[in-house]
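Content type mmCIF, C-alpha atoms, from the file structure.cif:
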```cif
data_upload
#
loop_
_atom_site.label_atom_id
_atom_site.label_comp_id
_atom_site.auth_asym_id
_atom_site.auth_seq_id
_atom_site.Cartn_x
_atom_site.Cartn_y
_atom_site.Cartn_z
CA ALA A 1 23.76 -29.31 26.12
CA THR A 2 25.36 -28.92 22.74
CA PRO A 3 25.61 -30.26 20.16
CA LEU A 4 21.91 -31.08 19.85
CA HIS A 5 20.81 -34.24 18.06
CA VAL A 6 17.18 -34.33 16.90
CA LYS A 7 16.06 -37.48 15.12
CA HIS A 8 12.73 -36.16 13.85
CA PHE A 9 11.85 -32.62 12.83
CA PRO A 10 8.53 -31.25 11.48
CA GLN A 11 8.32 -30.71 7.74
CA GLY A 12 8.10 -27.10 6.52
CA LEU A 13 8.42 -23.89 8.53
CA SER A 14 9.06 -24.29 12.27
CA ARG A 15 9.55 -21.98 15.22
CA VAL A 16 12.38 -23.06 17.53
CA ARG A 17 13.39 -21.49 20.86
CA PHE A 18 16.82 -22.01 22.43
CA GLU A 19 17.33 -21.42 26.14
CA LEU A 20 20.46 -21.57 28.33
CA GLU A 21 20.83 -20.44 31.92
CA GLY A 22 22.48 -17.03 32.18
CA HIS A 23 21.73 -16.22 28.55
CA LEU A 24 18.90 -14.55 26.67
CA PRO A 25 16.56 -16.96 24.85
CA ARG A 26 16.78 -16.99 21.08
CA GLU A 27 14.00 -17.84 18.68
CA THR A 28 14.20 -18.66 15.00
CA ALA A 29 11.48 -19.33 12.46
CA ASN A 30 12.73 -21.16 9.41
CA PHE A 31 12.41 -24.26 7.31
CA SER A 32 13.36 -27.49 9.03
CA ALA A 33 16.20 -28.27 6.62
CA PHE A 34 17.83 -24.88 7.37
CA ILE A 35 17.50 -25.26 11.13
CA ALA A 36 18.84 -28.80 11.05
CA SER A 37 21.91 -27.77 9.04
CA ALA A 38 22.45 -24.26 10.42
CA GLY A 39 25.38 -25.21 12.61
CA VAL A 40 25.86 -22.72 15.45
CA PHE A 41 23.19 -20.60 17.14
CA VAL A 42 24.90 -18.02 19.35
CA LEU A 43 23.11 -17.09 22.56
CA ASP A 44 23.77 -13.64 24.00
CA THR A 45 23.74 -12.37 27.56
CA PRO A 46 22.07 -9.15 28.74
CA GLU A 47 25.55 -7.61 28.68
CA THR A 48 26.31 -8.51 25.06
CA MET A 49 22.86 -7.94 23.51
CA PRO A 50 21.73 -4.31 23.09
CA ALA A 51 18.23 -3.76 24.46
CA GLY A 52 15.48 -4.10 21.89
CA MET A 53 17.62 -5.93 19.34
CA THR A 54 18.02 -9.49 18.11
CA ARG A 55 20.99 -11.31 16.63
CA VAL A 56 20.90 -12.21 12.93
CA SER A 57 23.30 -14.94 11.86
CA GLY A 58 25.69 -14.05 9.09
CA GLY A 59 26.28 -16.06 5.95
CA ALA A 60 25.77 -15.74 2.22
CA ALA A 61 23.29 -12.96 1.39
CA LYS A 62 21.71 -12.75 -2.04
CA ILE A 63 19.31 -9.99 -3.11
CA GLN A 64 16.28 -11.86 -4.40
CA ALA A 65 14.37 -8.92 -5.85
CA PRO A 66 13.35 -7.90 -9.39
CA GLY A 67 16.06 -5.86 -11.07
CA LEU A 68 18.79 -6.85 -8.60
CA GLU A 69 19.22 -10.56 -9.21
CA GLN A 70 22.36 -9.88 -11.24
CA PHE A 71 24.37 -8.87 -8.16
CA GLU A 72 26.51 -11.60 -6.62
CA ALA A 73 25.91 -12.90 -3.10
CA LEU A 74 28.08 -11.52 -0.30
CA ASP A 75 29.23 -13.26 2.87
CA LEU A 76 28.16 -11.27 5.92
CA GLY A 77 29.07 -11.47 9.58
CA ASP A 78 26.57 -11.62 12.44
CA PHE A 79 24.75 -8.38 13.26
CA PHE A 80 22.13 -7.04 15.65
CA LEU A 81 18.77 -5.88 14.27
CA ASP A 82 16.04 -3.82 15.94
CA ILE A 83 13.18 -6.10 16.93
CA HIS A 84 10.74 -3.26 16.21
CA GLU A 85 10.65 -0.28 13.90
CA VAL A 86 11.68 3.01 15.51
CA THR A 87 8.68 4.45 17.35
CA ASN A 88 7.37 7.99 17.73
CA ARG A 89 8.50 8.01 21.36
CA GLN A 90 12.05 7.06 20.40
CA TYR A 91 12.27 9.61 17.60
CA GLN A 92 10.91 12.35 19.87
CA ALA A 93 14.10 12.09 21.92
CA PHE A 94 16.10 13.00 18.80
CA VAL A 95 13.88 16.03 18.10
CA ASP A 96 13.94 17.20 21.72
CA ALA A 97 17.75 16.89 21.86
CA GLY A 98 18.09 19.40 19.02
CA GLY A 99 18.82 16.79 16.40
CA TYR A 100 17.64 19.13 13.64
CA THR A 101 19.91 21.99 14.70
CA ASP A 102 23.13 20.08 15.40
CA PRO A 103 24.87 19.16 12.10
CA THR A 104 27.05 16.50 13.75
CA CYS A 105 24.98 13.52 12.59
CA TRP A 106 23.98 14.91 9.20
CA THR A 107 26.98 13.47 7.39
CA HIS A 108 25.51 12.81 3.93
CA PRO A 109 25.59 15.59 1.30
CA PHE A 110 22.10 16.92 0.59
CA VAL A 111 21.72 16.31 -3.14
CA ARG A 112 18.49 17.16 -4.94
CA ASP A 113 18.09 17.12 -8.72
CA GLY A 114 21.87 16.99 -9.01
CA GLU A 115 22.37 20.12 -6.86
CA THR A 116 23.99 20.07 -3.41
CA MET A 117 22.10 21.97 -0.71
CA THR A 118 23.37 23.59 2.47
CA PHE A 119 22.49 22.26 5.91
CA ALA A 120 20.24 25.25 6.59
CA ASP A 121 18.35 24.86 3.29
CA ALA A 122 17.82 21.14 3.94
CA MET A 123 16.57 21.73 7.49
CA ALA A 124 14.05 24.22 6.10
CA LEU A 125 12.48 21.27 4.27
CA PHE A 126 12.53 18.83 7.19
CA VAL A 127 9.60 20.33 9.08
CA ASP A 128 6.23 19.10 10.29
CA GLN A 129 2.75 20.34 9.37
CA THR A 130 3.19 23.43 11.54
CA GLY A 131 6.66 24.38 10.31
CA ARG A 132 8.50 22.95 13.33
CA ALA A 133 11.44 20.55 12.98
CA GLY A 134 10.24 16.96 12.82
CA PRO A 135 8.54 14.32 10.66
CA SER A 136 6.12 15.55 8.01
CA ILE A 137 3.05 14.05 9.71
CA TRP A 138 3.70 15.58 13.17
CA GLN A 139 2.46 18.94 14.47
CA ILE A 140 4.17 21.54 16.72
CA GLY A 141 7.24 19.33 16.95
CA ARG A 142 5.38 16.39 18.47
CA TYR A 143 3.46 13.29 17.49
CA PRO A 144 -0.25 12.97 18.32
CA GLU A 145 -1.13 11.99 21.87
CA GLY A 146 -1.59 8.25 22.39
CA GLU A 147 0.66 7.27 19.45
CA ASP A 148 3.82 6.59 21.44
CA ASP A 149 4.23 3.05 20.10
CA LEU A 150 3.33 3.73 16.50
CA PRO A 151 6.34 3.56 14.16
CA VAL A 152 7.61 6.98 13.25
CA GLY A 153 6.64 7.93 9.69
CA GLY A 154 7.09 10.92 7.42
CA VAL A 155 10.88 10.97 7.52
CA SER A 156 13.35 11.26 4.66
CA GLY A 157 16.37 9.08 4.07
CA TYR A 158 18.54 11.89 5.45
CA GLU A 159 16.55 12.08 8.68
CA ALA A 160 16.71 8.30 9.04
CA SER A 161 20.52 8.38 8.70
CA ALA A 162 20.86 11.24 11.19
CA TYR A 163 18.70 9.44 13.76
CA ALA A 164 20.79 6.27 13.31
CA CYS A 165 23.94 8.26 14.08
CA PHE A 166 22.24 9.89 17.09
CA VAL A 167 21.56 6.49 18.74
CA GLY A 168 24.88 4.92 17.69
CA LYS A 169 23.45 2.52 15.13
CA SER A 170 23.24 2.30 11.34
CA LEU A 171 20.71 1.97 8.57
CA PRO A 172 20.96 -1.59 7.25
CA THR A 173 22.48 -2.26 3.87
CA ILE A 174 20.19 -3.93 1.36
CA TYR A 175 22.16 -7.18 1.80
CA HIS A 176 21.75 -7.16 5.56
CA TRP A 177 18.06 -6.29 5.31
CA TYR A 178 17.33 -9.17 2.93
CA ARG A 179 19.41 -11.52 5.07
CA ALA A 180 17.20 -10.64 8.03
CA ALA A 181 13.86 -10.41 6.21
CA ASP A 182 14.14 -13.71 4.29
CA PRO A 183 11.61 -13.03 1.50
CA TYR A 184 11.31 -16.81 0.93
CA SER A 185 9.14 -16.83 4.07
CA SER A 186 6.67 -14.31 2.62
CA ASN A 187 3.81 -16.82 2.38
CA HIS A 188 4.00 -17.19 6.16
CA VAL A 189 4.89 -13.61 7.13
CA VAL A 190 2.84 -11.40 4.79
CA PRO A 191 -0.63 -12.69 5.81
CA LEU A 192 0.22 -11.79 9.43
CA SER A 193 1.53 -8.30 8.60
CA ASN A 194 0.00 -4.84 8.29
CA TYR A 195 -0.99 -4.19 4.70
CA SER A 196 -4.44 -3.16 5.91
CA GLY A 197 -4.65 0.17 4.10
CA LYS A 198 -6.01 1.65 7.35
CA GLY A 199 -2.89 3.16 8.83
CA ALA A 200 0.17 2.23 10.87
CA ALA A 201 -0.28 -0.03 13.92
CA PRO A 202 1.66 -0.12 17.20
CA VAL A 203 4.91 -2.00 16.63
CA GLY A 204 4.56 -5.71 17.29
CA GLN A 205 0.74 -5.68 17.16
CA TYR A 206 0.79 -7.72 13.97
CA LYS A 207 2.38 -11.14 14.42
CA GLY A 208 4.32 -11.37 11.15
CA ILE A 209 7.77 -12.18 12.47
CA SER A 210 11.12 -12.79 10.79
CA ARG A 211 13.17 -15.94 11.31
CA ASP A 212 15.24 -14.09 13.95
CA GLY A 213 12.35 -12.54 15.87
CA ALA A 214 11.93 -9.11 14.23
CA TYR A 215 8.38 -7.78 13.80
CA ASP A 216 6.88 -5.74 10.95
CA MET A 217 9.67 -6.24 8.40
CA ALA A 218 6.71 -6.73 6.07
CA GLY A 219 4.23 -3.86 6.09
CA ASN A 220 3.46 -1.21 8.72
CA VAL A 221 6.01 1.37 7.51
CA ARG A 222 8.65 1.19 4.80
CA GLU A 223 12.21 1.01 6.09
CA TRP A 224 14.99 3.22 4.74
CA ILE A 225 18.15 1.42 3.57
CA ALA A 226 21.71 2.75 3.37
CA ASN A 227 22.31 1.96 -0.31
CA PRO A 228 21.74 4.76 -2.83
CA ASP A 229 20.62 4.54 -6.44
CA GLY A 230 21.50 7.95 -7.85
CA ASP A 231 19.68 10.62 -5.81
CA SER A 232 17.35 7.93 -4.46
CA ARG A 233 17.72 5.33 -1.76
CA TYR A 234 16.25 1.90 -1.28
CA ILE A 235 13.28 1.69 1.07
CA LEU A 236 12.05 -1.84 1.71
CA GLY A 237 9.31 -4.00 3.20
CA GLY A 238 6.36 -1.96 2.02
CA GLY A 239 4.06 0.20 4.11
CA TRP A 240 0.54 -0.25 5.44
CA LYS A 241 -1.09 0.97 2.23
CA ASP A 242 1.28 -0.72 -0.22
CA PRO A 243 0.45 -3.95 -2.08
CA GLU A 244 1.51 -7.12 -0.31
CA TYR A 245 4.13 -7.99 -2.92
CA ALA A 246 6.13 -4.95 -1.76
CA PHE A 247 7.79 -7.23 0.79
CA ASN A 248 9.52 -9.06 -2.07
CA ASP A 249 10.24 -6.01 -4.20
CA ALA A 250 13.22 -3.64 -4.29
CA VAL A 251 11.78 -0.12 -4.17
CA THR A 252 13.68 3.15 -4.36
CA SER A 253 12.49 6.62 -3.44
CA PRO A 254 14.11 10.07 -3.57
CA ALA A 255 16.19 10.53 -0.44
CA PHE A 256 14.14 13.70 0.30
CA ASP A 257 10.82 11.81 0.16
CA ARG A 258 8.90 12.30 3.43
CA SER A 259 5.78 10.22 2.77
CA GLY A 260 3.85 9.23 5.87
CA GLU A 261 4.66 5.55 5.30
CA ASN A 262 8.46 6.08 5.37
CA GLY A 263 10.00 4.81 8.60
CA ILE A 264 13.15 3.39 10.18
CA ARG A 265 14.65 0.15 11.46
CA LEU A 266 18.30 0.06 12.54
CA VAL A 267 21.19 -2.37 12.86
CA ARG A 268 24.44 -2.61 14.78
CA TYR A 269 27.28 -4.42 13.03
CA LEU A 270 29.31 -6.93 15.03
CA ASP A 271 31.45 -7.97 12.09
CA GLU A 272 32.19 -5.67 9.17
CA THR A 273 32.93 -8.46 6.69
CA ASN A 274 32.06 -7.13 3.22
CA LEU A 275 30.29 -4.15 4.79
CA GLU A 276 31.80 -1.69 2.33
CA ALA A 277 30.72 -3.80 -0.66
CA ALA A 278 27.27 -4.32 0.85
CA SER A 279 26.86 -0.53 1.27
CA ALA A 280 27.78 0.34 -2.33
CA PRO A 281 25.32 2.08 -4.69
CA LEU A 282 23.08 -0.37 -6.54
CA GLU A 283 21.56 0.61 -9.86
CA LYS A 284 18.48 -1.41 -10.69
CA SER A 285 18.12 -2.83 -14.17
CA PHE A 286 15.13 -0.99 -15.56
CA ARG A 287 13.50 -0.86 -18.96
CA ASP A 288 10.81 1.77 -19.53
CA PHE A 289 8.34 -0.03 -21.75
CA ASN A 290 6.25 3.14 -22.05
CA ALA A 291 9.10 4.67 -24.05
CA ILE A 292 9.46 1.75 -26.46
CA LYS A 293 7.79 2.03 -29.86
CA PRO A 294 5.73 -1.00 -30.93
CA ALA A 295 7.22 -3.08 -33.73
CA SER A 296 5.79 -2.61 -37.19
CA ASP A 297 3.73 -5.41 -38.72
CA GLU A 298 6.67 -6.29 -40.96
CA VAL A 299 9.12 -6.56 -38.05
CA PHE A 300 6.60 -8.45 -35.93
CA GLU A 301 6.23 -11.03 -38.68
CA ILE A 302 9.99 -11.63 -38.48
CA TYR A 303 9.65 -12.14 -34.72
CA ARG A 304 6.78 -14.55 -35.26
CA GLN A 305 8.74 -16.61 -37.75
CA MET A 306 11.51 -17.03 -35.19
CA TYR A 307 9.08 -19.13 -33.12
CA SER A 308 7.70 -21.21 -35.97
CA TYR A 309 9.00 -24.71 -36.64
CA ASP A 310 8.26 -27.81 -38.67
CA GLU A 311 6.57 -30.54 -36.67
CA SER A 312 8.71 -33.64 -36.74
CA PRO A 313 9.06 -36.90 -34.76
CA LEU A 314 10.20 -36.35 -31.15
CA ASN A 315 12.38 -39.48 -31.04
CA ALA A 316 11.71 -39.73 -27.30
CA ASN A 317 13.93 -41.80 -25.03
CA VAL A 318 13.49 -42.47 -21.32
CA ILE A 319 16.86 -41.64 -19.76
CA GLU A 320 16.01 -42.56 -16.18
CA ALA A 321 13.00 -43.35 -14.03
CA SER A 322 12.47 -43.43 -10.28
CA GLU A 323 9.49 -44.18 -8.06
CA SER A 324 8.71 -42.26 -4.89
CA GLY A 325 5.61 -43.99 -3.52
CA THR A 326 2.87 -41.89 -5.10
CA TYR A 327 4.39 -41.21 -8.50
CA ILE A 328 6.98 -42.29 -11.04
CA ARG A 329 9.39 -39.60 -12.23
CA GLU A 330 10.77 -40.10 -15.72
CA ARG A 331 13.43 -38.01 -17.36
CA ILE A 332 12.85 -38.06 -21.11
CA GLU A 333 14.93 -36.61 -23.93
CA ILE A 334 13.29 -35.44 -27.14
CA ASP A 335 14.52 -33.77 -30.30
CA ALA A 336 14.44 -29.99 -30.02
CA ALA A 337 12.88 -27.99 -32.85
CA TYR A 338 16.24 -26.44 -33.71
CA ASP A 339 19.67 -27.67 -34.78
CA ASP A 340 20.55 -31.16 -33.54
CA GLU A 341 19.95 -30.51 -29.85
CA ARG A 342 18.08 -32.73 -27.42
CA LEU A 343 15.66 -31.35 -24.86
CA SER A 344 15.05 -32.80 -21.38
CA VAL A 345 11.55 -33.02 -19.95
CA PHE A 346 10.32 -34.66 -16.77
CA VAL A 347 7.11 -36.67 -16.67
CA PHE A 348 5.38 -37.50 -13.40
CA LEU A 349 2.88 -40.39 -13.50
CA PRO A 350 0.64 -41.23 -10.52
CA THR A 351 0.86 -44.65 -8.90
CA ASP A 352 -1.54 -44.30 -5.96
CA GLY A 353 -4.50 -45.81 -7.81
CA ARG A 354 -6.74 -42.79 -7.44
CA SER A 355 -6.73 -42.15 -11.19
CA SER A 356 -6.24 -44.15 -14.32
CA PRO A 357 -5.05 -43.31 -17.82
CA PRO A 358 -5.56 -41.38 -19.95
CA TYR A 359 -4.41 -38.73 -17.47
CA GLN A 360 -5.16 -35.04 -17.61
CA THR A 361 -1.91 -33.28 -18.55
CA VAL A 362 -0.62 -30.41 -16.45
CA VAL A 363 2.37 -28.61 -17.96
CA PHE A 364 4.68 -26.81 -15.56
CA PHE A 365 7.45 -24.51 -16.79
CA PRO A 366 9.90 -23.22 -14.13
CA GLY A 367 10.24 -19.58 -13.17
CA SER A 368 13.16 -17.29 -13.94
CA GLY A 369 14.98 -18.38 -10.78
CA ASP A 370 15.90 -21.64 -12.49
CA LEU A 371 18.26 -19.67 -14.72
CA TYR A 372 20.69 -19.82 -11.80
CA LYS A 373 20.56 -23.60 -11.40
CA ARG A 374 23.30 -25.72 -12.89
CA SER A 375 21.97 -29.25 -12.44
CA PHE A 376 18.71 -31.17 -12.77
CA ASP A 377 19.28 -32.20 -9.16
CA GLU A 378 18.57 -28.61 -8.13
CA LEU A 379 15.09 -28.65 -9.66
CA ARG A 380 12.10 -29.22 -7.43
#
```

Rewrite the structure from the file as structure tokens, please.
Amino acid sequence: ATPLHVKHFPQGLSRVRFELEGHLPRETANFSAFIASAGVFVLDTPETMPAGMTRVSGGAAKIQAPGLEQFEALDLGDFFLDIHEVTNRQYQAFVDAGGYTDPTCWTHPFVRDGETMTFADAMALFVDQTGRAGPSIWQIGRYPEGEDDLPVGGVSGYEASAYACFVGKSLPTIYHWYRAADPYSSNHVVPLSNYSGKGAAPVGQYKGISRDGAYDMAGNVREWIANPDGDSRYILGGGWKDPEYAFNDAVTSPAFDRSGENGIRLVRYLDETNLEAASAPLEKSFRDFNAIKPASDEVFEIYRQMYSYDESPLNANVIEASESGTYIRERIEIDAAYDDERLSVFVFLPTDGRSSPPYQTVVFFPGSGDLYKRSFDELR
């Protein structure tokens, strides 16, 4: 029955399964505070849920990736996401149906180095190792025997878009992908995902699973995204031979890139709230440090002087203190080394009796994410 009232919930990440007669079960893996405050979990029926997909709850989506933090969050509606990456067997149906000869689903202009190509010229590039139409790592228009359930690889962004059209789905926007992938769960997901360096694995073999039940969003093959950045497109999650931090990074690749690790996962939108904004081109902030000339000794000395200061009394005052059982937390204000400003620091002192003063000092300075916080109450 709903609503559900749970008095006690495990701390940290939990896996919860909802069941209701006549409906498909729904699983979520998330932090207890999110699950407890999530509100509504919609359960689908076999008639409303497309086969092989899972529902992802909408809400505020923020791109938490280097170079894209400056973009505002967008509110998204619910959407369906493929539980698995598109397999060789599934993509074979597109090839066998003449997907490379019918221009119907090839709706994006073929742009390479600023020049637009014809359909025929583009198709001449989208061939396998034997010159037949198909992914770059196939031969004679087919994938190797016994690799039915491996994720398809060796496809360009254009091929990924055409296949999505063929099956009546879409490539996810970067906002929808991050909403589903939840990079904050990387410490739980990445160790269970395929970054083996040994090749792609059958979909679902690795147990790294998203909060909504999707496998291999981290590792296995990279997943093409709808958003362009110039002639490139975003391709996320990292592949089997990428470093593990690729799951949390925002990578772009030329839309014509057909590397063997480039694959596909699709979505179906139930609610197009902010879909146009979520699909817009996104230019990453990038600074090429290889092109920057080192400062001269004279200029560097000016930089160094900007960080020098006269040591003076701190004039420290305890503003507030609170005890939480094992430690006392003090907020202290001190004089800053510039102007007449005061600087807040927090001191944590143990109270559990396992150590005695003088204490070893550990200094913690927050990461760049704290730039977005507006209150000390938001600090961990």

For atom CA of Ser285 of chain A and atom CA of Ala218 of chain A, quote the distance in Å rounded to one decimal.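 Interatomic distance here is 23.6 Å.
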
Please provide as a ChimeraX atom specification all residues within 7 Å of segment 325-333 of chain A, with the sequence filter that same-chain residues fewer than 6 positions apart are discarded (counting only C-alpha atoms). /A:316-319,342-352

For this structure, which residues satisfy the selection - the PyMOL selection byres ((chain A and resi 49-56) around 6) - when it is evaluated on the file as given? I want them as an MDAnalysis selection string. chainID A and resid 44 46:48 57 78:83

Pick out the closest residue to Gly369 of chain A from this set: A:Ala65, A:Ala295, A:Ile334, A:Ala246. Count all atoms listed in the file.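 The answer is A:Ala65, which sits nearest to Gly369 of chain A.
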
Quick one: pull the distance between atom CA of Leu270 of chain A and atom CA of Glu159 of chain A, Å, one decimal.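 Between these atoms lies a distance of 23.8 Å.
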
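The two atoms in question, atom CA of Arg258 of chain A and atom CA of Ser136 of chain A, are spaced 6.3 Å apart.
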
For Ser259 of chain A: contacts at 8 Å, all atoms listed in the file, fewer than 6 positions along chain excluded, given as a PDB file with C-alpha atoms, in the coordinates of the input:
```pdb
ATOM      1  CA  SER A 136       6.120  15.550   8.010  1.00  0.00           C
ATOM      2  CA  GLY A 153       6.640   7.930   9.690  1.00  0.00           C
ATOM      3  CA  GLY A 154       7.090  10.920   7.420  1.00  0.00           C
ATOM      4  CA  VAL A 155      10.880  10.970   7.520  1.00  0.00           C
ATOM      5  CA  SER A 156      13.350  11.260   4.660  1.00  0.00           C
TER       6      SER A 156
END
```

Shortest interatomic distance to Gly204 of chain A - which of A:Val152, A:Val251, A:Val16, A:Met217, counting all atoms listed in the file: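 Ranked by minimum distance to Gly204 of chain A, first place goes to A:Met217.
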
Got a sec to resolve the PyMOL selection byres ((chain A and resi 63) around 8) on this structure and send the residues as a list of chain:residue names?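 Against this file, the PyMOL selection byres ((chain A and resi 63) around 8) returns the residues A:Ala61, A:Lys62, A:Gln64, A:Ala65, A:Leu68, A:Glu69, A:Phe71, A:Ala73, A:Ile174, A:Tyr175, A:Tyr178.
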
Could you tell me which residues the PyMOL selection byres ((chain A and resi 267) around 6) grabs in this file, written as a list in words? Phe80, Leu81, Lys169, Ser170, Pro172, Leu266 and Arg268 of chain A

Counting all atoms listed in the file, the residue among A:Ser253, A:Thr104, A:Asn248, A:Gln92 that lies closest to Ala181 of chain A is A:Asn248

Using all atoms listed in the file, pick whichever of A:Glu320, A:His84, A:Leu4, A:Ile225 has the shortest atom-to-atom distance to Gly208 of chain A.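 The closest residue to Gly208 of chain A is A:His84.
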
Using all atoms listed in the file, can you tell me which of A:Leu125, A:Ala162, A:Ala97, A:Leu150 comes closest to Asn220 of chain A?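 Nearest to Asn220 of chain A: A:Leu150.
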
I need the residue nearest Gly77 of chain A from this list: A:Leu236, A:Leu275, A:Leu13, A:Ala250. Use all atoms listed in the file for the distance.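 Between A:Leu236, A:Leu275, A:Leu13, A:Ala250, the residue approaching Gly77 of chain A most closely is A:Leu275.
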